[in-house]
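K.L.:
Have a look at this one.
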Amino acid sequence: MASLASDSQAPGLAPFLREAGALVALRTRSLLPVKADRQGVGRDRPVMVIPGFLATDFSTIILRRTLEAAGYRVHGWGLGMNLGARQDLLDRLEYRLDGVGCHGPVSLVGWSLGGLYARELAKRRPDRVAQVITLGSPFSGDVRANNAWWLYEMLNDHKVDAPPIEVRLAEKPPVPTTAFWSRADGIVAPASARGEPHECDRSVELDCTHMGFMTAACAMQAVLDALAD
């Protein structure tokens, strides 16, 4: 088991390099059919899945197909590649939420950086959001306790801790929240994605890589369980 100190620091080189193999799986497995053993359980309830940094809706296709097969009305975020925070980002997501939410309160599922957007969106519109599920999202502690912050700053005109929108990352949204995290995550420090007890309602450990949150069977099962709850 990792020490508390290393738990709060960016993952080392070995787990970071393992993410490359997981990225290949993300690209190849997206072409495979999805099998679900919970057909109809979703009862047409709306879900919106938000991709991580430098990812598009294609990266979430395995999860979305799995949820669709279980009977959920599933939507991508529809905003192209996630390049980082923009001044109008939450406004655009709120507009998207209003469209998706015409069928009832929406469950937001966010991977990595996408989970931060999901939490902030739920703070803005708790009337439209049923729950928030985050997968490897660094909402707690040091915003640089990951292996992506330097690339984020390289591609954006703001620092990772000074986005152009008002955010309170660690503040829990006023809706049920579940945070999935992994000690095998090669991108985000486990403690950052796990959060403190007052920052989320429930945190659940999974055994997968950061990319594996979008490909691993345990992650698909975990999201189905969280949605069912």
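Identifiers in this document derive from the order of the structure tokens: chains are assigned A, B, ..., residues are numbered from 1 separately in each chain, and ligands are numbered from 1 in order of occurrence.
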From a DSSP calculation on the backbone, collect every residue of range 78-110 of chain A in strand (DSSP E) and output the set as a list in words.
P.N.:
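The strand (DSSP E) subset of range 78-110 of chain A is Val106, Ser107, Leu108, Val109 and Gly110 of chain A.
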K.L.:
Do you know which residues are at most 8 Å from range 176-182 of chain A counting only C-alpha atoms, after dropping those on the same chain fewer than 6 positions away, and could you put them as a PyMOL selection string?
P.N.:
chain A and resi 130-137+190+193-195+200-210+226
K.L.:
Please list as a PyMOL selection string every residue within 10 Å of Val160 in chain A, counting only C-alpha atoms and excluding residues in the same chain fewer than 2 positions away.
P.N.:
chain A and resi 84-85+143-144+148-154+156-158+162-164
K.L.:
Restricted to C-alpha atoms, what would the selected residues look like written as a short mmCIF file (atom, residue, chain, number, x, y, z; two decimals), in the first residue's frame?
P.N.:
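Below is the file selection-v7.cif, written as the result:
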data_model
loop_
_atom_site.label_atom_id
_atom_site.label_comp_id
_atom_site.auth_asym_id
_atom_site.auth_seq_id
_atom_site.Cartn_x
_atom_site.Cartn_y
_atom_site.Cartn_z
CA GLY A 84 -8.80 23.08 -20.83
CA ALA A 85 -10.91 25.73 -19.14
CA VAL A 143 -3.59 21.02 -8.35
CA ARG A 144 -0.09 20.08 -9.53
CA ALA A 148 -0.42 16.64 -16.80
CA TRP A 149 -0.34 20.12 -15.26
CA TRP A 150 2.79 21.22 -17.17
CA LEU A 151 1.24 20.20 -20.50
CA TYR A 152 -1.97 21.98 -19.54
CA GLU A 153 -0.06 25.20 -18.89
CA MET A 154 1.92 24.79 -22.10
CA ASN A 156 -3.23 27.32 -22.32
CA ASP A 157 -2.77 31.00 -21.55
CA HIS A 158 -3.36 30.55 -17.83
CA ALA A 162 -5.73 30.26 -12.11
CA PRO A 163 -8.42 29.22 -14.64
CA PRO A 164 -10.46 31.92 -16.41
#
K.L.:
Kindly indicate which residue among A:Leu169, A:Ala145, A:Ala122, A:Ala55 lies nearest to Leu108 in chain A, using only C-alpha atoms for the distances.
P.N.:
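Smallest separation from Leu108 in chain A among the options: A:Ala122.
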K.L.:
Which of these, A:Pro197, A:Pro46, A:Gly71, A:Gly114, has the shortest distance to Gly99 in chain A once you count only C-alpha atoms?
P.N.:
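Under the stated criterion, the closest residue is A:Pro46.
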K.L.:
Using only C-alpha atoms, determine which residues lie at most 6 Å from Met81 in chain A, disregarding the query and same-chain residues fewer than 2 positions distant; provide the list as a list in words.
P.N.:
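The neighbour list is Leu54, Ala55, Thr56 and Leu83 of chain A.
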K.L.:
For a test of reading the model, state the distance in Å between CA of Pro11 in chain A and CA of Trp111 in chain A, rounded to one decimal.
P.N.:
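If I compute the distance from CA of Pro11 in chain A to CA of Trp111 in chain A, I get 17.4 Å.
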K.L.:
Please determine, counting only C-alpha atoms, which residue among A:Val167, A:Val109, A:Ala69, A:Leu89 has the shortest atom-to-atom distance to Phe213 in chain A.
P.N.:
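Ranked by minimum distance to Phe213 in chain A, first place goes to A:Val109.
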K.L.:
Give me, as a ChimeraX atom specification, all polymer residues having an atom no more than 8 Å from Ser192 in chain A, counting only C-alpha atoms and skipping those fewer than 4 positions away in the same chain.
P.N.:
/A:8,137-142,145,188
K.L.:
Could those selected residues go to a file with C-alpha atoms, as a PDB file, in the first residue's frame?
P.N.:
ATOM      1  CA  SER A   8      -0.566  12.825  -2.397  1.00  0.00           C
ATOM      2  CA  SER A 137     -10.506  13.577 -11.308  1.00  0.00           C
ATOM      3  CA  PRO A 138      -8.026  15.740  -9.321  1.00  0.00           C
ATOM      4  CA  PHE A 139     -10.483  17.841  -7.324  1.00  0.00           C
ATOM      5  CA  SER A 140      -8.640  17.669  -3.995  1.00  0.00           C
ATOM      6  CA  GLY A 141      -5.301  18.928  -2.662  1.00  0.00           C
ATOM      7  CA  ASP A 142      -2.451  20.272  -4.783  1.00  0.00           C
ATOM      8  CA  ALA A 145      -0.143  16.618  -7.950  1.00  0.00           C
ATOM      9  CA  VAL A 188      -3.260  11.733 -11.016  1.00  0.00           C
TER      10      VAL A 188
END
K.L.:
With only C-alpha atoms as the counted atoms, please give the residues lying no more than 12 Å from Asp91 in chain A, apart from itself and same-chain residues fewer than 6 positions off, as a PyMOL selection string.
P.N.:
chain A and resi 79+85+97-98+117+120-121+124-125+165-166
K.L.:
Mind dumping the selected residues with N, CA and C atoms as an mmCIF file, in the first residue's frame?
P.N.:
data_model
loop_
_atom_site.group_PDB
_atom_site.id
_atom_site.type_symbol
_atom_site.label_atom_id
_atom_site.label_comp_id
_atom_site.auth_asym_id
_atom_site.auth_seq_id
_atom_site.Cartn_x
_atom_site.Cartn_y
_atom_site.Cartn_z
ATOM 1 N N LEU A 79 -18.558 19.025 -27.235
ATOM 2 C CA LEU A 79 -17.779 20.250 -27.387
ATOM 3 C C LEU A 79 -16.383 19.993 -27.962
ATOM 4 N N ALA A 85 -9.863 24.778 -19.494
ATOM 5 C CA ALA A 85 -10.907 25.734 -19.141
ATOM 6 C C ALA A 85 -10.906 26.935 -20.080
ATOM 7 N N LEU A 97 -26.510 20.973 -20.848
ATOM 8 C CA LEU A 97 -27.238 20.298 -19.774
ATOM 9 C C LEU A 97 -28.737 20.548 -19.894
ATOM 10 N N ASP A 98 -29.120 21.768 -20.216
ATOM 11 C CA ASP A 98 -30.536 22.096 -20.364
ATOM 12 C C ASP A 98 -31.179 21.262 -21.473
ATOM 13 N N TYR A 117 -15.185 19.671 -14.337
ATOM 14 C CA TYR A 117 -16.272 20.410 -14.974
ATOM 15 C C TYR A 117 -17.622 19.937 -14.438
ATOM 16 N N GLU A 120 -18.339 21.391 -11.005
ATOM 17 C CA GLU A 120 -18.668 22.812 -11.050
ATOM 18 C C GLU A 120 -20.035 23.057 -11.687
ATOM 19 N N LEU A 121 -20.358 22.268 -12.702
ATOM 20 C CA LEU A 121 -21.664 22.399 -13.355
ATOM 21 C C LEU A 121 -22.789 22.060 -12.379
ATOM 22 N N ARG A 124 -23.555 24.895 -10.162
ATOM 23 C CA ARG A 124 -24.338 25.924 -10.846
ATOM 24 C C ARG A 124 -25.799 25.531 -10.986
ATOM 25 N N ARG A 125 -26.036 24.263 -11.346
ATOM 26 C CA ARG A 125 -27.392 23.834 -11.678
ATOM 27 C C ARG A 125 -27.779 22.551 -10.941
ATOM 28 N N ILE A 165 -12.269 30.878 -15.171
ATOM 29 C CA ILE A 165 -13.623 30.758 -14.632
ATOM 30 C C ILE A 165 -13.525 30.568 -13.124
ATOM 31 N N GLU A 166 -14.570 30.986 -12.432
ATOM 32 C CA GLU A 166 -14.572 30.845 -10.977
ATOM 33 C C GLU A 166 -14.865 29.400 -10.596
#
K.L.:
Just the alpha helix (DSSP H) stuff from chain A, please, per backbone DSSP, written as a PyMOL selection string.
P.N.:
chain A and resi 4-7+13-29+61-69+89-100+113-124+149-155+190-194+217-228
K.L.:
Could those selected residues go to a file with C-alpha atoms, as a JSON list (two decimals), in the first residue's frame?
P.N.:
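So the final result, stored in part.json, reads:
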[["chain", "number", "residue", "atom", "x", "y", "z"],
["A", 4, "LEU", "CA", 0.35, 8.80, 2.69],
["A", 5, "ALA", "CA", 3.13, 11.01, 1.35],
["A", 6, "SER", "CA", 3.36, 9.30, -2.04],
["A", 7, "ASP", "CA", -0.43, 9.03, -2.15],
["A", 13, "LEU", "CA", 7.74, 7.27, -13.96],
["A", 14, "ALA", "CA", 6.80, 3.56, -14.05],
["A", 15, "PRO", "CA", 3.04, 4.03, -13.60],
["A", 16, "PHE", "CA", 3.17, 7.02, -15.94],
["A", 17, "LEU", "CA", 4.73, 4.88, -18.70],
["A", 18, "ARG", "CA", 2.08, 2.17, -18.17],
["A", 19, "GLU", "CA", -0.50, 4.68, -19.32],
["A", 20, "ALA", "CA", 0.92, 4.42, -22.86],
["A", 21, "GLY", "CA", -0.17, 0.79, -23.10],
["A", 22, "ALA", "CA", -3.55, 1.70, -21.66],
["A", 23, "LEU", "CA", -3.90, 4.42, -24.31],
["A", 24, "VAL", "CA", -3.47, 1.78, -27.03],
["A", 25, "ALA", "CA", -6.24, -0.23, -25.39],
["A", 26, "LEU", "CA", -8.45, 2.84, -25.41],
["A", 27, "ARG", "CA", -7.94, 3.22, -29.15],
["A", 28, "THR", "CA", -8.38, -0.45, -30.09],
["A", 29, "ARG", "CA", -11.11, -1.55, -27.70],
["A", 61, "ILE", "CA", -17.32, 5.56, -26.33],
["A", 62, "ILE", "CA", -16.83, 2.26, -24.44],
["A", 63, "LEU", "CA", -18.45, 3.66, -21.32],
["A", 64, "ARG", "CA", -21.24, 5.33, -23.27],
["A", 65, "ARG", "CA", -22.02, 2.16, -25.23],
["A", 66, "THR", "CA", -22.07, 0.17, -21.99],
["A", 67, "LEU", "CA", -24.52, 2.59, -20.40],
["A", 68, "GLU", "CA", -26.67, 2.69, -23.52],
["A", 69, "ALA", "CA", -26.85, -1.12, -23.51],
["A", 89, "LEU", "CA", -16.98, 26.71, -20.87],
["A", 90, "LEU", "CA", -19.46, 26.38, -18.03],
["A", 91, "ASP", "CA", -22.00, 28.49, -19.91],
["A", 92, "ARG", "CA", -21.74, 26.14, -22.88],
["A", 93, "LEU", "CA", -21.99, 23.08, -20.65],
["A", 94, "GLU", "CA", -25.00, 24.57, -18.90],
["A", 95, "TYR", "CA", -26.70, 25.07, -22.26],
["A", 96, "ARG", "CA", -25.88, 21.46, -23.14],
["A", 97, "LEU", "CA", -27.24, 20.30, -19.77],
["A", 98, "ASP", "CA", -30.54, 22.10, -20.36],
["A", 99, "GLY", "CA", -30.95, 20.25, -23.64],
["A", 100, "VAL", "CA", -30.05, 16.85, -22.22],
["A", 113, "LEU", "CA", -10.46, 17.00, -15.98],
["A", 114, "GLY", "CA", -14.00, 16.33, -17.18],
["A", 115, "GLY", "CA", -14.94, 15.42, -13.63],
["A", 116, "LEU", "CA", -13.91, 18.87, -12.43],
["A", 117, "TYR", "CA", -16.27, 20.41, -14.97],
["A", 118, "ALA", "CA", -19.03, 18.05, -13.83],
["A", 119, "ARG", "CA", -18.63, 19.11, -10.20],
["A", 120, "GLU", "CA", -18.67, 22.81, -11.05],
["A", 121, "LEU", "CA", -21.66, 22.40, -13.36],
["A", 122, "ALA", "CA", -23.57, 20.65, -10.57],
["A", 123, "LYS", "CA", -22.85, 23.60, -8.25],
["A", 124, "ARG", "CA", -24.34, 25.92, -10.85],
["A", 149, "TRP", "CA", -0.34, 20.12, -15.26],
["A", 150, "TRP", "CA", 2.79, 21.22, -17.17],
["A", 151, "LEU", "CA", 1.24, 20.20, -20.50],
["A", 152, "TYR", "CA", -1.97, 21.98, -19.54],
["A", 153, "GLU", "CA", -0.06, 25.20, -18.89],
["A", 154, "MET", "CA", 1.92, 24.79, -22.10],
["A", 155, "LEU", "CA", -1.28, 24.63, -24.16],
["A", 190, "PRO", "CA", -4.64, 8.91, -5.66],
["A", 191, "ALA", "CA", -5.38, 11.36, -2.83],
["A", 192, "SER", "CA", -6.33, 14.08, -5.34],
["A", 193, "ALA", "CA", -8.94, 11.85, -6.99],
["A", 194, "ARG", "CA", -10.13, 10.31, -3.72],
["A", 217, "ALA", "CA", -14.41, -3.81, -16.99],
["A", 218, "CYS", "CA", -14.18, -2.90, -13.28],
["A", 219, "ALA", "CA", -14.68, 0.79, -14.15],
["A", 220, "MET", "CA", -17.71, 0.04, -16.34],
["A", 221, "GLN", "CA", -19.22, -2.07, -13.54],
["A", 222, "ALA", "CA", -18.46, 0.60, -10.94],
["A", 223, "VAL", "CA", -20.22, 3.34, -12.91],
["A", 224, "LEU", "CA", -23.24, 1.10, -13.45],
["A", 225, "ASP", "CA", -23.36, 0.43, -9.71],
["A", 226, "ALA", "CA", -23.10, 4.13, -8.88],
["A", 227, "LEU", "CA", -25.86, 5.05, -11.32],
["A", 228, "ALA", "CA", -28.09, 2.33, -9.93]]
K.L.:
Kindly give the distance, in Å, that separates CA of Arg43 in chain A and CA of Gly76 in chain A, rounded to a single decimal.
P.N.:
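Pair CA of Arg43 in chain A / CA of Gly76 in chain A returns 18.3 Å.
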